[in-house]
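In what follows, a single structure is set out as structure tokens and then discussed.
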Amino acid sequence: MASEQEVRVLVAQLQQAEAEARAYEQQMEVISFTINEIENAITAVEALSKPKVGKETLIPIGASSFVYGSIPQTKRVIIGLGADVSAEVDVTHAVSYLNDRKKKLTDMQGQFAARLNQIGSQIYALQAKLQEYQSQSQAAR
């Protein structure tokens, strides 16, 4: 039979694992949002590079919303590099850069999912052990 101290340690470990799992889930949500944002940017850059200069077109502004505008030039775009730094680059480089960012985030998402799976297994094992201790305690009464 487990001592009260052992049960407290297991409960603390369970709470820590659950908190870590929540943190990974939140990070994965942020990554998913960012991947979606990058995909939208790639679509917009590619779409806006096709019309002729000066042609009126619909410009995506997010949330499935658009504004009318004319394209002053279609060969260069400004992309965010991070830390509030942006750079003007040609369309091909912009799409390549955005695809690279998307791949890194997708890889990170996979790593987080694997870690979350490990934590889930730990949580399951801790819960099983606590359940076993509870059953032993009730049987001893």
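Each chain of the structure tokens is named A, B, ... in the order shown, its residues numbered from 1; ligands are numbered from 1 in display order.
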
Residues within 12 Å of segment 80-85 of chain A, please, as an mmCIF file with C-alpha atoms, in the first residue's frame. Count only C-alpha atoms; anything in the same chain fewer than 5 positions from it doesn't count.
data_model
loop_
_atom_site.group_PDB
_atom_site.id
_atom_site.type_symbol
_atom_site.label_atom_id
_atom_site.label_comp_id
_atom_site.auth_asym_id
_atom_site.auth_seq_id
_atom_site.Cartn_x
_atom_site.Cartn_y
_atom_site.Cartn_z
ATOM 1 C CA ILE A 38 1.392 31.805 -44.051
ATOM 2 C CA ALA A 41 -0.013 34.987 -47.555
ATOM 3 C CA ALA A 94 8.810 35.705 -51.059
ATOM 4 C CA TYR A 97 10.735 32.174 -47.887
ATOM 5 C CA LEU A 98 7.117 31.682 -46.794
ATOM 6 C CA ASP A 100 10.411 27.532 -45.765
ATOM 7 C CA ARG A 101 8.774 29.133 -42.721
#

Can you list, as a PyMOL selection string, every protein, DNA or RNA residue that comes within 7 Å of segment 15-21 of chain A when you count only C-alpha atoms, leaving out same-chain residues fewer than 5 positions away? chain A and resi 116+119+123

For the strand (DSSP E or B) assignment from backbone DSSP, which residues of chain A qualify? Please present them as an mmCIF file with N, CA and C atoms, in the first residue's frame.
data_model
loop_
_atom_site.group_PDB
_atom_site.id
_atom_site.type_symbol
_atom_site.label_atom_id
_atom_site.label_comp_id
_atom_site.auth_asym_id
_atom_site.auth_seq_id
_atom_site.Cartn_x
_atom_site.Cartn_y
_atom_site.Cartn_z
ATOM 1 N N GLU A 56 -7.419 46.556 -62.098
ATOM 2 C CA GLU A 56 -8.182 46.507 -60.854
ATOM 3 C C GLU A 56 -8.422 45.052 -60.479
ATOM 4 N N THR A 57 -8.281 44.750 -59.197
ATOM 5 C CA THR A 57 -8.451 43.382 -58.727
ATOM 6 C C THR A 57 -8.980 43.410 -57.296
ATOM 7 N N LEU A 58 -9.320 42.243 -56.783
ATOM 8 C CA LEU A 58 -9.713 42.105 -55.391
ATOM 9 C C LEU A 58 -8.473 41.748 -54.581
ATOM 10 N N ILE A 59 -8.264 42.465 -53.495
ATOM 11 C CA ILE A 59 -7.094 42.238 -52.658
ATOM 12 C C ILE A 59 -7.559 41.641 -51.332
ATOM 13 N N PRO A 60 -7.057 40.449 -50.983
ATOM 14 C CA PRO A 60 -7.475 39.823 -49.727
ATOM 15 C C PRO A 60 -6.943 40.603 -48.525
ATOM 16 N N ILE A 61 -7.816 40.815 -47.549
ATOM 17 C CA ILE A 61 -7.404 41.532 -46.340
ATOM 18 C C ILE A 61 -7.561 40.668 -45.095
ATOM 19 N N GLY A 62 -7.939 39.394 -45.290
ATOM 20 C CA GLY A 62 -8.094 38.463 -44.180
ATOM 21 C C GLY A 62 -9.553 38.208 -43.869
ATOM 22 N N SER A 65 -12.253 38.363 -46.521
ATOM 23 C CA SER A 65 -12.695 39.693 -46.933
ATOM 24 C C SER A 65 -11.710 40.261 -47.946
ATOM 25 N N PHE A 66 -12.233 41.104 -48.843
ATOM 26 C CA PHE A 66 -11.426 41.654 -49.926
ATOM 27 C C PHE A 66 -11.754 43.121 -50.109
ATOM 28 N N VAL A 67 -10.813 43.852 -50.690
ATOM 29 C CA VAL A 67 -11.063 45.230 -51.105
ATOM 30 C C VAL A 67 -10.664 45.346 -52.567
ATOM 31 N N TYR A 68 -11.293 46.295 -53.255
ATOM 32 C CA TYR A 68 -10.895 46.567 -54.631
ATOM 33 C C TYR A 68 -9.644 47.420 -54.613
ATOM 34 N N GLY A 69 -8.769 47.138 -55.536
ATOM 35 C CA GLY A 69 -7.561 47.935 -55.648
ATOM 36 C C GLY A 69 -6.891 47.690 -56.973
ATOM 37 N N SER A 70 -5.970 48.571 -57.314
ATOM 38 C CA SER A 70 -5.192 48.334 -58.521
ATOM 39 C C SER A 70 -3.762 48.037 -58.114
ATOM 40 N N ARG A 76 7.471 42.635 -57.057
ATOM 41 C CA ARG A 76 8.105 42.673 -55.739
ATOM 42 C C ARG A 76 7.046 42.820 -54.658
ATOM 43 N N VAL A 77 7.330 42.216 -53.509
ATOM 44 C CA VAL A 77 6.434 42.306 -52.354
ATOM 45 C C VAL A 77 7.268 42.577 -51.108
ATOM 46 N N ILE A 78 6.608 43.011 -50.072
ATOM 47 C CA ILE A 78 7.276 43.229 -48.783
ATOM 48 C C ILE A 78 6.812 42.122 -47.853
ATOM 49 N N ILE A 79 7.772 41.400 -47.279
ATOM 50 C CA ILE A 79 7.443 40.314 -46.364
ATOM 51 C C ILE A 79 8.053 40.588 -45.000
ATOM 52 N N GLY A 80 7.366 40.099 -43.963
ATOM 53 C CA GLY A 80 7.881 40.222 -42.605
ATOM 54 C C GLY A 80 8.914 39.145 -42.333
ATOM 55 N N LEU A 81 10.033 39.556 -41.772
ATOM 56 C CA LEU A 81 11.110 38.620 -41.458
ATOM 57 C C LEU A 81 11.125 38.249 -39.978
ATOM 58 N N GLY A 82 10.355 38.967 -39.185
ATOM 59 C CA GLY A 82 10.350 38.753 -37.744
ATOM 60 C C GLY A 82 10.964 39.925 -37.028
ATOM 61 N N VAL A 85 10.876 43.407 -38.536
ATOM 62 C CA VAL A 85 11.750 43.703 -39.671
ATOM 63 C C VAL A 85 11.076 43.152 -40.926
ATOM 64 N N SER A 86 11.020 43.969 -41.967
ATOM 65 C CA SER A 86 10.448 43.561 -43.249
ATOM 66 C C SER A 86 11.457 43.822 -44.342
ATOM 67 N N ALA A 87 11.254 43.129 -45.469
ATOM 68 C CA ALA A 87 12.157 43.310 -46.599
ATOM 69 C C ALA A 87 11.359 43.243 -47.895
ATOM 70 N N GLU A 88 11.781 44.031 -48.859
ATOM 71 C CA GLU A 88 11.171 43.982 -50.186
ATOM 72 C C GLU A 88 11.949 42.969 -51.004
ATOM 73 N N VAL A 89 11.215 41.975 -51.547
ATOM 74 C CA VAL A 89 11.839 40.904 -52.319
ATOM 75 C C VAL A 89 10.981 40.601 -53.535
ATOM 76 N N ASP A 90 11.563 39.860 -54.483
ATOM 77 C CA ASP A 90 10.755 39.465 -55.638
ATOM 78 C C ASP A 90 9.772 38.374 -55.211
#

Can you list, as a PyMOL selection string, every protein, DNA or RNA residue that comes within 12 Å of Thr106 of chain A when you count only C-alpha atoms, leaving out same-chain residues fewer than 5 positions away? chain A and resi 28-36+38-39+99-101+111-113

Expected file contents, prior selection, C-alpha atoms, as an mmCIF file, in the first residue's frame:
data_model
loop_
_atom_site.group_PDB
_atom_site.id
_atom_site.type_symbol
_atom_site.label_atom_id
_atom_site.label_comp_id
_atom_site.auth_asym_id
_atom_site.auth_seq_id
_atom_site.Cartn_x
_atom_site.Cartn_y
_atom_site.Cartn_z
ATOM 1 C CA MET A 28 0.203 23.896 -31.276
ATOM 2 C CA GLU A 29 -2.837 26.159 -31.684
ATOM 3 C CA VAL A 30 -0.555 29.159 -32.219
ATOM 4 C CA ILE A 31 1.521 27.203 -34.731
ATOM 5 C CA SER A 32 -1.615 26.076 -36.600
ATOM 6 C CA PHE A 33 -2.834 29.668 -36.753
ATOM 7 C CA THR A 34 0.546 30.841 -38.043
ATOM 8 C CA ILE A 35 0.691 28.092 -40.674
ATOM 9 C CA ASN A 36 -2.765 29.098 -41.859
ATOM 10 C CA ILE A 38 1.392 31.805 -44.051
ATOM 11 C CA GLU A 39 -0.729 29.737 -46.455
ATOM 12 C CA ASN A 99 7.199 27.998 -47.784
ATOM 13 C CA ASP A 100 10.411 27.532 -45.765
ATOM 14 C CA ARG A 101 8.774 29.133 -42.721
ATOM 15 C CA GLN A 111 7.662 17.463 -32.687
ATOM 16 C CA PHE A 112 5.135 19.042 -30.332
ATOM 17 C CA ALA A 113 2.537 16.406 -31.250
#

So which residues touch Lys50 of chain A within 10 Å, counting only C-alpha atoms, skipping near sequence neighbours fewer than 2 positions away, as a list of chain:residue names? A:Val45, A:Glu46, A:Ala47, A:Leu48, A:Lys52, A:Val53, A:Ile71, A:Thr74, A:Lys75

Kindly indicate which residue among A:Ser121, A:Ser3, A:Gln27, A:Gln73 lies nearest to Met108 of chain A, using only C-alpha atoms for the distances. A:Gln27

Taking the chain letters and numbering used in this document, name the residues of chain A that DSSP puts in alpha helix (DSSP H), as an MDAnalysis selection string. chainID A and resid 4:48 91:140

Expected file contents, prior selection, C-alpha atoms, as a JSON list (two decimals), in the first residue's frame:
[["chain", "number", "residue", "atom", "x", "y", "z"],
["A", 4, "GLU", "CA", 0.21, 9.38, 1.81],
["A", 5, "GLN", "CA", 3.47, 11.02, 0.75],
["A", 6, "GLU", "CA", 3.74, 8.78, -2.33],
["A", 7, "VAL", "CA", 0.18, 9.66, -3.32],
["A", 8, "ARG", "CA", 0.92, 13.38, -2.95],
["A", 9, "VAL", "CA", 4.01, 13.04, -5.14],
["A", 10, "LEU", "CA", 1.99, 11.21, -7.81],
["A", 11, "VAL", "CA", -0.75, 13.85, -7.72],
["A", 12, "ALA", "CA", 1.86, 16.61, -8.09],
["A", 13, "GLN", "CA", 3.45, 14.77, -11.02],
["A", 14, "LEU", "CA", 0.03, 14.33, -12.61],
["A", 15, "GLN", "CA", -0.78, 18.03, -12.23],
["A", 16, "GLN", "CA", 2.59, 19.00, -13.69],
["A", 17, "ALA", "CA", 2.12, 16.67, -16.68],
["A", 18, "GLU", "CA", -1.38, 18.02, -17.29],
["A", 19, "ALA", "CA", -0.09, 21.61, -17.18],
["A", 20, "GLU", "CA", 2.70, 20.73, -19.61],
["A", 21, "ALA", "CA", 0.17, 19.09, -21.94],
["A", 22, "ARG", "CA", -2.01, 22.22, -21.88],
["A", 23, "ALA", "CA", 1.03, 24.37, -22.70],
["A", 24, "TYR", "CA", 1.91, 22.17, -25.69],
["A", 25, "GLU", "CA", -1.71, 22.25, -26.88],
["A", 26, "GLN", "CA", -1.70, 26.05, -26.73],
["A", 27, "GLN", "CA", 1.59, 26.23, -28.63],
["A", 28, "MET", "CA", 0.20, 23.90, -31.28],
["A", 29, "GLU", "CA", -2.84, 26.16, -31.68],
["A", 30, "VAL", "CA", -0.56, 29.16, -32.22],
["A", 31, "ILE", "CA", 1.52, 27.20, -34.73],
["A", 32, "SER", "CA", -1.62, 26.08, -36.60],
["A", 33, "PHE", "CA", -2.83, 29.67, -36.75],
["A", 34, "THR", "CA", 0.55, 30.84, -38.04],
["A", 35, "ILE", "CA", 0.69, 28.09, -40.67],
["A", 36, "ASN", "CA", -2.76, 29.10, -41.86],
["A", 37, "GLU", "CA", -1.68, 32.74, -42.00],
["A", 38, "ILE", "CA", 1.39, 31.80, -44.05],
["A", 39, "GLU", "CA", -0.73, 29.74, -46.46],
["A", 40, "ASN", "CA", -3.02, 32.74, -46.92],
["A", 41, "ALA", "CA", -0.01, 34.99, -47.56],
["A", 42, "ILE", "CA", 1.38, 32.57, -50.17],
["A", 43, "THR", "CA", -1.99, 32.47, -51.91],
["A", 44, "ALA", "CA", -2.25, 36.25, -51.86],
["A", 45, "VAL", "CA", 1.30, 36.84, -53.13],
["A", 46, "GLU", "CA", 0.84, 34.35, -55.95],
["A", 47, "ALA", "CA", -2.57, 35.74, -56.91],
["A", 48, "LEU", "CA", -1.44, 39.36, -56.82],
["A", 91, "VAL", "CA", 7.66, 37.26, -55.69],
["A", 92, "THR", "CA", 9.60, 34.01, -56.18],
["A", 93, "HIS", "CA", 11.82, 34.71, -53.18],
["A", 94, "ALA", "CA", 8.81, 35.70, -51.06],
["A", 95, "VAL", "CA", 6.96, 32.47, -51.85],
["A", 96, "SER", "CA", 10.10, 30.42, -51.22],
["A", 97, "TYR", "CA", 10.74, 32.17, -47.89],
["A", 98, "LEU", "CA", 7.12, 31.68, -46.79],
["A", 99, "ASN", "CA", 7.20, 28.00, -47.78],
["A", 100, "ASP", "CA", 10.41, 27.53, -45.76],
["A", 101, "ARG", "CA", 8.77, 29.13, -42.72],
["A", 102, "LYS", "CA", 5.72, 26.94, -43.18],
["A", 103, "LYS", "CA", 7.90, 23.79, -43.36],
["A", 104, "LYS", "CA", 9.78, 24.73, -40.18],
["A", 105, "LEU", "CA", 6.52, 25.33, -38.36],
["A", 106, "THR", "CA", 5.03, 22.07, -39.65],
["A", 107, "ASP", "CA", 8.12, 20.19, -38.44],
["A", 108, "MET", "CA", 7.85, 21.91, -35.05],
["A", 109, "GLN", "CA", 4.17, 21.01, -34.90],
["A", 110, "GLY", "CA", 5.08, 17.36, -35.48],
["A", 111, "GLN", "CA", 7.66, 17.46, -32.69],
["A", 112, "PHE", "CA", 5.13, 19.04, -30.33],
["A", 113, "ALA", "CA", 2.54, 16.41, -31.25],
["A", 114, "ALA", "CA", 5.05, 13.63, -30.47],
["A", 115, "ARG", "CA", 5.90, 15.22, -27.13],
["A", 116, "LEU", "CA", 2.21, 15.70, -26.35],
["A", 117, "ASN", "CA", 1.70, 12.00, -27.08],
["A", 118, "GLN", "CA", 4.48, 11.12, -24.62],
["A", 119, "ILE", "CA", 2.94, 13.34, -21.97],
["A", 120, "GLY", "CA", -0.43, 11.71, -22.59],
["A", 121, "SER", "CA", 1.14, 8.32, -21.92],
["A", 122, "GLN", "CA", 2.69, 9.66, -18.71],
["A", 123, "ILE", "CA", -0.67, 11.04, -17.60],
["A", 124, "TYR", "CA", -2.34, 7.71, -18.32],
["A", 125, "ALA", "CA", 0.32, 5.81, -16.32],
["A", 126, "LEU", "CA", 0.07, 8.21, -13.37],
["A", 127, "GLN", "CA", -3.72, 8.00, -13.36],
["A", 128, "ALA", "CA", -3.54, 4.19, -13.43],
["A", 129, "LYS", "CA", -1.12, 4.18, -10.52],
["A", 130, "LEU", "CA", -3.29, 6.55, -8.51],
["A", 131, "GLN", "CA", -6.33, 4.39, -9.29],
["A", 132, "GLU", "CA", -4.41, 1.33, -8.10],
["A", 133, "TYR", "CA", -3.48, 3.08, -4.85],
["A", 134, "GLN", "CA", -7.08, 4.16, -4.35],
["A", 135, "SER", "CA", -8.31, 0.59, -4.88],
["A", 136, "GLN", "CA", -5.74, -0.74, -2.40],
["A", 137, "SER", "CA", -6.74, 1.90, 0.11],
["A", 138, "GLN", "CA", -10.44, 1.04, -0.20],
["A", 139, "ALA", "CA", -9.70, -2.69, 0.07],
["A", 140, "ALA", "CA", -7.69, -2.12, 3.26]]
